[in-house]
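What follows is a short report on a single structure.
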Amino acid sequence: MIKALLVDDELNGIKNLENILKKYFLDKVLVSDVANSVDEALLKFEQIHPELIFLDIEMPEKNGFELLKQLKNNDFEVIFVTAFSEYGIDAIKFSALDYILKPIDINDLRLAIDKAISKIKNKKYNQSIENLLEYFKNENDKTKHKIAISSAKETRFVLVSDIIRCESKNSYTFIYLKNGEEILSSTAIHEYEILLENYDFLRCHQSHLVNKNFVKSMIKNQGDILCLENNFEVPISRQKKDWVKKKLISN
C-alpha cells in the first residue's frame, strides 16, 4: 500500500474521494491524512511524507500548483482531481501527469492509481512535476516549454522548439529532433497534434505533423511537398493543400 494525502478545499470532495478509495482501492492506497488548503497541506506533507497526493487545482487564495512550487522534493506522485477541464490542463498533459475530472470515474481513477504505483516502485524523483513547474515559470515563453515523450523504456522531456516533425507508424510516432536524433514514441500522432496545436505545428498529412518554423519551401512537382531545413521532404494531402498554404503565410 502507498500513503496518500488528499488536498481539496471542499469537504464533500474530500469525503467522496476518501470513500471511493476505501471502497475500491483499500488494498492499494492508504489515506494517511487530508487537507483543505495549500498551507495545511504543506504541514501535513512534512508530517506524513506521502508517496501520492490527490490534488485539487482550484482552491481559494492558493491553487494546487502553488503547493507543488513550495514542496522541496519531487519524490512523490500526484494525481490532479478537478471539476475544471481547462485551467492548467495543457501543462499537466505536457508533463505526462494524470488528472481526473469530477465527478470521478472509477475506471479513470484506477488507471491513474495503477500508473502512479508503477512509477513509485521504479523511481525516487518525479521529473514530471519539475517539468510542470518549469512550464508555469516560463508560461509566456514557448521556446522554453518541454513536452514529455513516452517511449518503451523511458519518458524524455524535449524542448518543443527542437522538434522538426512527427511521423506516424501505426499507433506509434517517430519524433525527429533538430540535432538529428529520432525518438520512437508510444503515443499516437493525433495526440501530439492536439498537444502542439498552439506551437506552430501543421498536420499536413495523415502520417505527418510538421513544425512550421523548420519549413523552407513548398514544392509543387509531382504533388505538393514541404521541404524542411534538414532537406527532408514531407507530402501534403490534397485535402490539406489550401489550409497548409494559408498557415505558412500567416504569422
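Naming works like this for the C-alpha cells: A, B, ... for the chains as they're shown, residue 1 at the start of each chain, ligands 1 onward in shown order.
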Closest atom pairs, residues of region 49-147 of chain A within 12 Å of region 152-158 of chain A, only C-alpha atoms, as CSV:
```
residue,atom,partner,partner_atom,distance
A:Phe94,CA,A:Phe157,CA,9.0
A:Ser95,CA,A:Phe157,CA,8.0
A:Ala96,CA,A:Thr155,CA,8.5
A:Leu97,CA,A:Thr155,CA,11.5
A:Lys119,CA,A:Glu154,CA,11.1
A:Asn122,CA,A:Glu154,CA,11.1
A:Lys123,CA,A:Glu154,CA,11.4
A:Asn126,CA,A:Thr155,CA,11.1
A:Gln127,CA,A:Phe157,CA,8.6
A:Ser128,CA,A:Phe157,CA,8.5
A:Ile129,CA,A:Phe157,CA,11.6
A:Glu130,CA,A:Phe157,CA,10.4
A:Asn131,CA,A:Phe157,CA,7.8
A:Leu132,CA,A:Phe157,CA,10.9
A:Glu134,CA,A:Phe157,CA,11.5
A:Tyr135,CA,A:Phe157,CA,11.7
A:Thr143,CA,A:Val158,CA,11.1
A:Lys144,CA,A:Val158,CA,9.7
A:His145,CA,A:Val158,CA,8.3
A:Lys146,CA,A:Val158,CA,4.9
A:Ile147,CA,A:Val158,CA,5.4
```
* List the neighbours of Asn107 (chain A) out to 12 Å using only C-alpha atoms; skip same-chain residues closer than 6 positions along the sequence, and give me the result as a list in words. => Ile20, Tyr24, Phe25, Ile100, Leu101, Ile113 and Asp114 of chain A
* Identify, on the basis of only C-alpha atoms, every residue whose closest approach to Val160 (chain A) does not exceed 12 Å; exclude the query and any residue fewer than 3 positions from it along the same chain; express the result as a PyMOL selection string. => chain A and resi 94+135+141-149+156-157+163-166+175-178+192+195-201+210-213
* To do: Could you please write out, as an MDAnalysis selection string, every residue of region 156-231 of chain A that DSSP assigns to strand (DSSP E or B)?
  => chainID A and resid 156:159 163:169 172:177 182:185 201:205 208:211 215:219 225:228
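You can rank A:Asn16, A:Phe84, A:Glu66, A:Val78 by their closest distance to Ala112 (chain A) using only C-alpha atoms, and at the top of that list sits A:Val78.
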* Gap from CA of Asn63 (chain A) to CA of Ala41 (chain A) - Å, one decimal -> 11.5 Å
* What gap, in Å, lies between CA of Ile53 (chain A) and CA of Ser151 (chain A)? -> 25.2 Å
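Of the listed residues A:Lys69, A:His49, A:Lys28, A:Arg203, the one whose atoms come nearest to Lys247 (chain A) is A:Arg203, with distances taken using only C-alpha atoms.
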What residues in region 38-137 of chain A get the DSSP label helix (DSSP H, G or I)? Please answer as a PDB file with N, CA, C and O atoms, in the first residue's frame.
```pdb
ATOM      1  N   VAL A  38      -3.724  24.850   0.810  1.00  0.00           N
ATOM      2  CA  VAL A  38      -2.312  24.650   0.494  1.00  0.00           C
ATOM      3  C   VAL A  38      -1.452  24.719   1.759  1.00  0.00           C
ATOM      4  O   VAL A  38      -0.569  23.883   1.969  1.00  0.00           O
ATOM      5  N   ASP A  39      -1.710  25.706   2.604  1.00  0.00           N
ATOM      6  CA  ASP A  39      -0.915  25.854   3.830  1.00  0.00           C
ATOM      7  C   ASP A  39      -1.058  24.638   4.742  1.00  0.00           C
ATOM      8  O   ASP A  39      -0.075  24.167   5.332  1.00  0.00           O
ATOM      9  N   GLU A  40      -2.291  24.139   4.870  1.00  0.00           N
ATOM     10  CA  GLU A  40      -2.498  22.950   5.695  1.00  0.00           C
ATOM     11  C   GLU A  40      -1.813  21.738   5.063  1.00  0.00           C
ATOM     12  O   GLU A  40      -1.220  20.910   5.763  1.00  0.00           O
ATOM     13  N   ALA A  41      -1.876  21.661   3.734  1.00  0.00           N
ATOM     14  CA  ALA A  41      -1.255  20.540   3.030  1.00  0.00           C
ATOM     15  C   ALA A  41       0.258  20.529   3.216  1.00  0.00           C
ATOM     16  O   ALA A  41       0.871  19.464   3.335  1.00  0.00           O
ATOM     17  N   LEU A  42       0.872  21.707   3.269  1.00  0.00           N
ATOM     18  CA  LEU A  42       2.316  21.797   3.495  1.00  0.00           C
ATOM     19  C   LEU A  42       2.701  21.191   4.847  1.00  0.00           C
ATOM     20  O   LEU A  42       3.682  20.453   4.954  1.00  0.00           O
ATOM     21  N   LEU A  43       1.911  21.494   5.868  1.00  0.00           N
ATOM     22  CA  LEU A  43       2.174  20.946   7.203  1.00  0.00           C
ATOM     23  C   LEU A  43       1.965  19.428   7.225  1.00  0.00           C
ATOM     24  O   LEU A  43       2.792  18.687   7.769  1.00  0.00           O
ATOM     25  N   LYS A  44       0.871  18.990   6.619  1.00  0.00           N
ATOM     26  CA  LYS A  44       0.573  17.562   6.602  1.00  0.00           C
ATOM     27  C   LYS A  44       1.623  16.788   5.804  1.00  0.00           C
ATOM     28  O   LYS A  44       1.994  15.664   6.159  1.00  0.00           O
ATOM     29  N   PHE A  45       2.111  17.385   4.733  1.00  0.00           N
ATOM     30  CA  PHE A  45       3.120  16.736   3.906  1.00  0.00           C
ATOM     31  C   PHE A  45       4.388  16.447   4.711  1.00  0.00           C
ATOM     32  O   PHE A  45       4.962  15.357   4.625  1.00  0.00           O
ATOM     33  N   GLU A  46       4.817  17.437   5.497  1.00  0.00           N
ATOM     34  CA  GLU A  46       6.020  17.271   6.311  1.00  0.00           C
ATOM     35  C   GLU A  46       5.833  16.221   7.412  1.00  0.00           C
ATOM     36  O   GLU A  46       6.783  15.562   7.829  1.00  0.00           O
ATOM     37  N   GLN A  47       4.594  16.066   7.840  1.00  0.00           N
ATOM     38  CA  GLN A  47       4.314  15.113   8.927  1.00  0.00           C
ATOM     39  C   GLN A  47       4.263  13.667   8.442  1.00  0.00           C
ATOM     40  O   GLN A  47       4.768  12.767   9.110  1.00  0.00           O
ATOM     41  N   ILE A  48       3.659  13.442   7.279  1.00  0.00           N
ATOM     42  CA  ILE A  48       3.421  12.059   6.854  1.00  0.00           C
ATOM     43  C   ILE A  48       4.273  11.609   5.669  1.00  0.00           C
ATOM     44  O   ILE A  48       4.378  10.426   5.386  1.00  0.00           O
ATOM     45  N   GLY A  64      -3.651  24.494  -6.476  1.00  0.00           N
ATOM     46  CA  GLY A  64      -2.868  23.283  -6.300  1.00  0.00           C
ATOM     47  C   GLY A  64      -1.441  23.394  -6.817  1.00  0.00           C
ATOM     48  O   GLY A  64      -0.525  22.790  -6.252  1.00  0.00           O
ATOM     49  N   PHE A  65      -1.241  24.158  -7.878  1.00  0.00           N
ATOM     50  CA  PHE A  65       0.107  24.306  -8.427  1.00  0.00           C
ATOM     51  C   PHE A  65       1.022  25.040  -7.442  1.00  0.00           C
ATOM     52  O   PHE A  65       2.233  24.802  -7.407  1.00  0.00           O
ATOM     53  N   GLU A  66       0.447  25.939  -6.649  1.00  0.00           N
ATOM     54  CA  GLU A  66       1.239  26.656  -5.645  1.00  0.00           C
ATOM     55  C   GLU A  66       1.799  25.691  -4.602  1.00  0.00           C
ATOM     56  O   GLU A  66       2.900  25.883  -4.085  1.00  0.00           O
ATOM     57  N   LEU A  67       1.039  24.653  -4.292  1.00  0.00           N
ATOM     58  CA  LEU A  67       1.534  23.657  -3.338  1.00  0.00           C
ATOM     59  C   LEU A  67       2.787  22.980  -3.879  1.00  0.00           C
ATOM     60  O   LEU A  67       3.795  22.840  -3.176  1.00  0.00           O
ATOM     61  N   LEU A  68       2.750  22.570  -5.143  1.00  0.00           N
ATOM     62  CA  LEU A  68       3.900  21.892  -5.744  1.00  0.00           C
ATOM     63  C   LEU A  68       5.126  22.800  -5.781  1.00  0.00           C
ATOM     64  O   LEU A  68       6.258  22.337  -5.618  1.00  0.00           O
ATOM     65  N   LYS A  69       4.898  24.089  -5.993  1.00  0.00           N
ATOM     66  CA  LYS A  69       6.015  25.032  -6.025  1.00  0.00           C
ATOM     67  C   LYS A  69       6.707  25.145  -4.671  1.00  0.00           C
ATOM     68  O   LYS A  69       7.914  25.395  -4.601  1.00  0.00           O
ATOM     69  N   GLN A  70       5.950  24.951  -3.591  1.00  0.00           N
ATOM     70  CA  GLN A  70       6.504  25.145  -2.255  1.00  0.00           C
ATOM     71  C   GLN A  70       7.106  23.878  -1.642  1.00  0.00           C
ATOM     72  O   GLN A  70       7.838  23.963  -0.658  1.00  0.00           O
ATOM     73  N   ILE A  89      -4.609  22.358 -17.668  1.00  0.00           N
ATOM     74  CA  ILE A  89      -4.611  21.006 -18.208  1.00  0.00           C
ATOM     75  C   ILE A  89      -3.520  20.823 -19.258  1.00  0.00           C
ATOM     76  O   ILE A  89      -2.890  19.761 -19.341  1.00  0.00           O
ATOM     77  N   ASP A  90      -3.262  21.849 -20.074  1.00  0.00           N
ATOM     78  CA  ASP A  90      -2.200  21.739 -21.078  1.00  0.00           C
ATOM     79  C   ASP A  90      -0.853  21.468 -20.423  1.00  0.00           C
ATOM     80  O   ASP A  90      -0.081  20.628 -20.887  1.00  0.00           O
ATOM     81  N   ALA A  91      -0.564  22.190 -19.342  1.00  0.00           N
ATOM     82  CA  ALA A  91       0.701  21.991 -18.632  1.00  0.00           C
ATOM     83  C   ALA A  91       0.776  20.587 -18.048  1.00  0.00           C
ATOM     84  O   ALA A  91       1.835  19.947 -18.064  1.00  0.00           O
ATOM     85  N   ILE A  92      -0.337  20.084 -17.541  1.00  0.00           N
ATOM     86  CA  ILE A  92      -0.382  18.742 -16.964  1.00  0.00           C
ATOM     87  C   ILE A  92      -0.121  17.692 -18.044  1.00  0.00           C
ATOM     88  O   ILE A  92       0.665  16.758 -17.862  1.00  0.00           O
ATOM     89  N   LYS A  93      -0.750  17.854 -19.208  1.00  0.00           N
ATOM     90  CA  LYS A  93      -0.554  16.908 -20.305  1.00  0.00           C
ATOM     91  C   LYS A  93       0.878  16.965 -20.829  1.00  0.00           C
ATOM     92  O   LYS A  93       1.473  15.929 -21.147  1.00  0.00           O
ATOM     93  N   PHE A  94       1.432  18.163 -20.940  1.00  0.00           N
ATOM     94  CA  PHE A  94       2.801  18.324 -21.415  1.00  0.00           C
ATOM     95  C   PHE A  94       3.782  17.582 -20.518  1.00  0.00           C
ATOM     96  O   PHE A  94       4.844  17.145 -20.974  1.00  0.00           O
ATOM     97  N   ILE A 106     -14.565   5.809 -11.894  1.00  0.00           N
ATOM     98  CA  ILE A 106     -13.769   4.795 -11.199  1.00  0.00           C
ATOM     99  C   ILE A 106     -12.685   4.212 -12.108  1.00  0.00           C
ATOM    100  O   ILE A 106     -11.539   3.998 -11.688  1.00  0.00           O
ATOM    101  N   ASN A 107     -13.016   3.975 -13.370  1.00  0.00           N
ATOM    102  CA  ASN A 107     -12.038   3.396 -14.294  1.00  0.00           C
ATOM    103  C   ASN A 107     -10.885   4.357 -14.558  1.00  0.00           C
ATOM    104  O   ASN A 107      -9.721   3.946 -14.624  1.00  0.00           O
ATOM    105  N   ASP A 108     -11.192   5.647 -14.717  1.00  0.00           N
ATOM    106  CA  ASP A 108     -10.137   6.646 -14.907  1.00  0.00           C
ATOM    107  C   ASP A 108      -9.240   6.715 -13.681  1.00  0.00           C
ATOM    108  O   ASP A 108      -8.010   6.814 -13.784  1.00  0.00           O
ATOM    109  N   LEU A 109      -9.870   6.655 -12.511  1.00  0.00           N
ATOM    110  CA  LEU A 109      -9.117   6.712 -11.264  1.00  0.00           C
ATOM    111  C   LEU A 109      -8.231   5.473 -11.120  1.00  0.00           C
ATOM    112  O   LEU A 109      -7.068   5.572 -10.699  1.00  0.00           O
ATOM    113  N   ARG A 110      -8.758   4.321 -11.485  1.00  0.00           N
ATOM    114  CA  ARG A 110      -7.983   3.079 -11.385  1.00  0.00           C
ATOM    115  C   ARG A 110      -6.738   3.135 -12.273  1.00  0.00           C
ATOM    116  O   ARG A 110      -5.633   2.747 -11.859  1.00  0.00           O
ATOM    117  N   LEU A 111      -6.883   3.635 -13.490  1.00  0.00           N
ATOM    118  CA  LEU A 111      -5.746   3.757 -14.403  1.00  0.00           C
ATOM    119  C   LEU A 111      -4.695   4.700 -13.839  1.00  0.00           C
ATOM    120  O   LEU A 111      -3.491   4.415 -13.898  1.00  0.00           O
ATOM    121  N   ALA A 112      -5.136   5.832 -13.292  1.00  0.00           N
ATOM    122  CA  ALA A 112      -4.210   6.816 -12.737  1.00  0.00           C
ATOM    123  C   ALA A 112      -3.472   6.266 -11.522  1.00  0.00           C
ATOM    124  O   ALA A 112      -2.263   6.471 -11.363  1.00  0.00           O
ATOM    125  N   ILE A 113      -4.193   5.557 -10.659  1.00  0.00           N
ATOM    126  CA  ILE A 113      -3.572   4.986  -9.453  1.00  0.00           C
ATOM    127  C   ILE A 113      -2.563   3.903  -9.826  1.00  0.00           C
ATOM    128  O   ILE A 113      -1.448   3.862  -9.295  1.00  0.00           O
ATOM    129  N   ASP A 114      -2.925   3.028 -10.742  1.00  0.00           N
ATOM    130  CA  ASP A 114      -2.005   1.965 -11.161  1.00  0.00           C
ATOM    131  C   ASP A 114      -0.738   2.543 -11.777  1.00  0.00           C
ATOM    132  O   ASP A 114       0.371   2.046 -11.542  1.00  0.00           O
ATOM    133  N   LYS A 115      -0.899   3.598 -12.568  1.00  0.00           N
ATOM    134  CA  LYS A 115       0.270   4.240 -13.171  1.00  0.00           C
ATOM    135  C   LYS A 115       1.147   4.880 -12.099  1.00  0.00           C
ATOM    136  O   LYS A 115       2.384   4.787 -12.140  1.00  0.00           O
ATOM    137  N   ALA A 116       0.526   5.521 -11.117  1.00  0.00           N
ATOM    138  CA  ALA A 116       1.272   6.159 -10.034  1.00  0.00           C
ATOM    139  C   ALA A 116       2.038   5.124  -9.220  1.00  0.00           C
ATOM    140  O   ALA A 116       3.205   5.330  -8.878  1.00  0.00           O
ATOM    141  N   ILE A 117       1.406   4.005  -8.912  1.00  0.00           N
ATOM    142  CA  ILE A 117       2.060   2.943  -8.144  1.00  0.00           C
ATOM    143  C   ILE A 117       3.267   2.401  -8.893  1.00  0.00           C
ATOM    144  O   ILE A 117       4.336   2.171  -8.322  1.00  0.00           O
ATOM    145  N   SER A 118       3.103   2.212 -10.204  1.00  0.00           N
ATOM    146  CA  SER A 118       4.211   1.723 -11.021  1.00  0.00           C
ATOM    147  C   SER A 118       5.393   2.687 -10.995  1.00  0.00           C
ATOM    148  O   SER A 118       6.552   2.270 -10.875  1.00  0.00           O
ATOM    149  N   LYS A 119       5.105   3.975 -11.072  1.00  0.00           N
ATOM    150  CA  LYS A 119       6.166   4.981 -11.049  1.00  0.00           C
ATOM    151  C   LYS A 119       6.845   5.032  -9.679  1.00  0.00           C
ATOM    152  O   LYS A 119       8.062   5.184  -9.587  1.00  0.00           O
ATOM    153  N   ILE A 120       6.055   4.919  -8.627  1.00  0.00           N
ATOM    154  CA  ILE A 120       6.603   4.961  -7.267  1.00  0.00           C
ATOM    155  C   ILE A 120       7.579   3.807  -7.047  1.00  0.00           C
ATOM    156  O   ILE A 120       8.626   3.962  -6.422  1.00  0.00           O
ATOM    157  N   LYS A 121       7.257   2.642  -7.593  1.00  0.00           N
ATOM    158  CA  LYS A 121       8.108   1.467  -7.422  1.00  0.00           C
ATOM    159  C   LYS A 121       9.417   1.583  -8.190  1.00  0.00           C
ATOM    160  O   LYS A 121      10.410   0.955  -7.830  1.00  0.00           O
ATOM    161  N   ASN A 122       9.419   2.384  -9.264  1.00  0.00           N
ATOM    162  CA  ASN A 122      10.577   2.388 -10.161  1.00  0.00           C
ATOM    163  C   ASN A 122      11.466   3.621 -10.090  1.00  0.00           C
ATOM    164  O   ASN A 122      12.501   3.664 -10.731  1.00  0.00           O
ATOM    165  N   GLN A 127      10.359  13.777 -12.307  1.00  0.00           N
ATOM    166  CA  GLN A 127      10.745  14.811 -13.261  1.00  0.00           C
ATOM    167  C   GLN A 127       9.531  15.471 -13.903  1.00  0.00           C
ATOM    168  O   GLN A 127       9.610  16.606 -14.383  1.00  0.00           O
ATOM    169  N   SER A 128       8.406  14.772 -13.910  1.00  0.00           N
ATOM    170  CA  SER A 128       7.185  15.341 -14.488  1.00  0.00           C
ATOM    171  C   SER A 128       6.731  16.570 -13.707  1.00  0.00           C
ATOM    172  O   SER A 128       6.273  17.561 -14.282  1.00  0.00           O
ATOM    173  N   ILE A 129       6.844  16.523 -12.370  1.00  0.00           N
ATOM    174  CA  ILE A 129       6.473  17.678 -11.560  1.00  0.00           C
ATOM    175  C   ILE A 129       7.423  18.833 -11.824  1.00  0.00           C
ATOM    176  O   ILE A 129       7.006  19.993 -11.940  1.00  0.00           O
ATOM    177  N   GLU A 130       8.712  18.516 -11.958  1.00  0.00           N
ATOM    178  CA  GLU A 130       9.694  19.560 -12.273  1.00  0.00           C
ATOM    179  C   GLU A 130       9.359  20.234 -13.603  1.00  0.00           C
ATOM    180  O   GLU A 130       9.418  21.455 -13.731  1.00  0.00           O
ATOM    181  N   ASN A 131       8.979  19.432 -14.593  1.00  0.00           N
ATOM    182  CA  ASN A 131       8.634  19.992 -15.895  1.00  0.00           C
ATOM    183  C   ASN A 131       7.375  20.850 -15.822  1.00  0.00           C
ATOM    184  O   ASN A 131       7.275  21.894 -16.477  1.00  0.00           O
ATOM    185  N   LEU A 132       6.409  20.420 -15.021  1.00  0.00           N
ATOM    186  CA  LEU A 132       5.182  21.195 -14.824  1.00  0.00           C
ATOM    187  C   LEU A 132       5.498  22.576 -14.248  1.00  0.00           C
ATOM    188  O   LEU A 132       4.996  23.603 -14.726  1.00  0.00           O
ATOM    189  N   LEU A 133       6.358  22.605 -13.238  1.00  0.00           N
ATOM    190  CA  LEU A 133       6.706  23.875 -12.598  1.00  0.00           C
ATOM    191  C   LEU A 133       7.501  24.772 -13.537  1.00  0.00           C
ATOM    192  O   LEU A 133       7.324  26.002 -13.544  1.00  0.00           O
ATOM    193  N   GLU A 134       8.364  24.173 -14.351  1.00  0.00           N
ATOM    194  CA  GLU A 134       9.121  24.947 -15.333  1.00  0.00           C
ATOM    195  C   GLU A 134       8.187  25.536 -16.388  1.00  0.00           C
ATOM    196  O   GLU A 134       8.404  26.648 -16.882  1.00  0.00           O
ATOM    197  N   TYR A 135       7.143  24.787 -16.728  1.00  0.00           N
ATOM    198  CA  TYR A 135       6.149  25.268 -17.697  1.00  0.00           C
ATOM    199  C   TYR A 135       5.509  26.557 -17.194  1.00  0.00           C
ATOM    200  O   TYR A 135       5.400  27.539 -17.927  1.00  0.00           O
ATOM    201  N   PHE A 136       5.092  26.552 -15.927  1.00  0.00           N
ATOM    202  CA  PHE A 136       4.453  27.746 -15.375  1.00  0.00           C
ATOM    203  C   PHE A 136       5.448  28.875 -15.157  1.00  0.00           C
ATOM    204  O   PHE A 136       5.105  30.049 -15.297  1.00  0.00           O
ATOM    205  N   LYS A 137       6.679  28.533 -14.832  1.00  0.00           N
ATOM    206  CA  LYS A 137       7.720  29.549 -14.655  1.00  0.00           C
ATOM    207  C   LYS A 137       7.965  30.297 -15.954  1.00  0.00           C
ATOM    208  O   LYS A 137       8.221  31.508 -15.954  1.00  0.00           O
TER     209      LYS A 137
END
```
Show me, as a PDB file with N, CA, C and O atoms, in the first residue's frame, the residues that have an atom within 7 Å of region 170-173 of chain A when counting only C-alpha atoms, minus same-chain residues fewer than 3 positions from it.
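The result, written out as result.pdb:
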```pdb
ATOM      1  N   CYS A 166       6.928  15.060 -36.758  1.00  0.00           N
ATOM      2  CA  CYS A 166       6.460  13.805 -36.197  1.00  0.00           C
ATOM      3  C   CYS A 166       5.890  12.970 -37.341  1.00  0.00           C
ATOM      4  O   CYS A 166       5.193  13.503 -38.215  1.00  0.00           O
ATOM      5  N   GLU A 167       6.199  11.699 -37.325  1.00  0.00           N
ATOM      6  CA  GLU A 167       5.706  10.812 -38.386  1.00  0.00           C
ATOM      7  C   GLU A 167       5.040   9.587 -37.774  1.00  0.00           C
ATOM      8  O   GLU A 167       5.607   8.921 -36.906  1.00  0.00           O
ATOM      9  N   LEU A 184      11.273   7.073 -30.828  1.00  0.00           N
ATOM     10  CA  LEU A 184      10.048   6.330 -31.124  1.00  0.00           C
ATOM     11  C   LEU A 184       9.126   6.427 -29.915  1.00  0.00           C
ATOM     12  O   LEU A 184       9.434   5.918 -28.840  1.00  0.00           O
ATOM     13  N   SER A 185       7.997   7.097 -30.099  1.00  0.00           N
ATOM     14  CA  SER A 185       7.051   7.324 -29.009  1.00  0.00           C
ATOM     15  C   SER A 185       5.884   6.356 -29.098  1.00  0.00           C
ATOM     16  O   SER A 185       5.413   6.013 -30.191  1.00  0.00           O
ATOM     17  N   SER A 186       5.401   5.930 -27.950  1.00  0.00           N
ATOM     18  CA  SER A 186       4.246   5.031 -27.890  1.00  0.00           C
ATOM     19  C   SER A 186       2.920   5.795 -27.934  1.00  0.00           C
ATOM     20  O   SER A 186       1.855   5.211 -27.791  1.00  0.00           O
ATOM     21  N   THR A 187       2.999   7.108 -28.143  1.00  0.00           N
ATOM     22  CA  THR A 187       1.799   7.951 -28.236  1.00  0.00           C
ATOM     23  C   THR A 187       1.437   8.174 -29.701  1.00  0.00           C
ATOM     24  O   THR A 187       2.312   8.443 -30.520  1.00  0.00           O
ATOM     25  N   ALA A 188       0.160   8.069 -30.027  1.00  0.00           N
ATOM     26  CA  ALA A 188      -0.292   8.240 -31.412  1.00  0.00           C
ATOM     27  C   ALA A 188      -0.142   9.685 -31.871  1.00  0.00           C
ATOM     28  O   ALA A 188      -0.195  10.619 -31.071  1.00  0.00           O
ATOM     29  N   ILE A 189       0.004   9.882 -33.181  1.00  0.00           N
ATOM     30  CA  ILE A 189       0.290  11.208 -33.722  1.00  0.00           C
ATOM     31  C   ILE A 189      -0.852  12.193 -33.478  1.00  0.00           C
ATOM     32  O   ILE A 189      -0.625  13.400 -33.325  1.00  0.00           O
TER      33      ILE A 189
END
```
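The gap separating CA of Glu77 (chain A) from CA of Phe174 (chain A) is 27.8 Å, in Å to one decimal.
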* **Residues near Pro50 (chain A), cut-off 9 Å, only C-alpha atoms, skip fewer than 5 positions along chain, as a ChimeraX atom specification** => /A:2-5,32-33,44-45,76-77
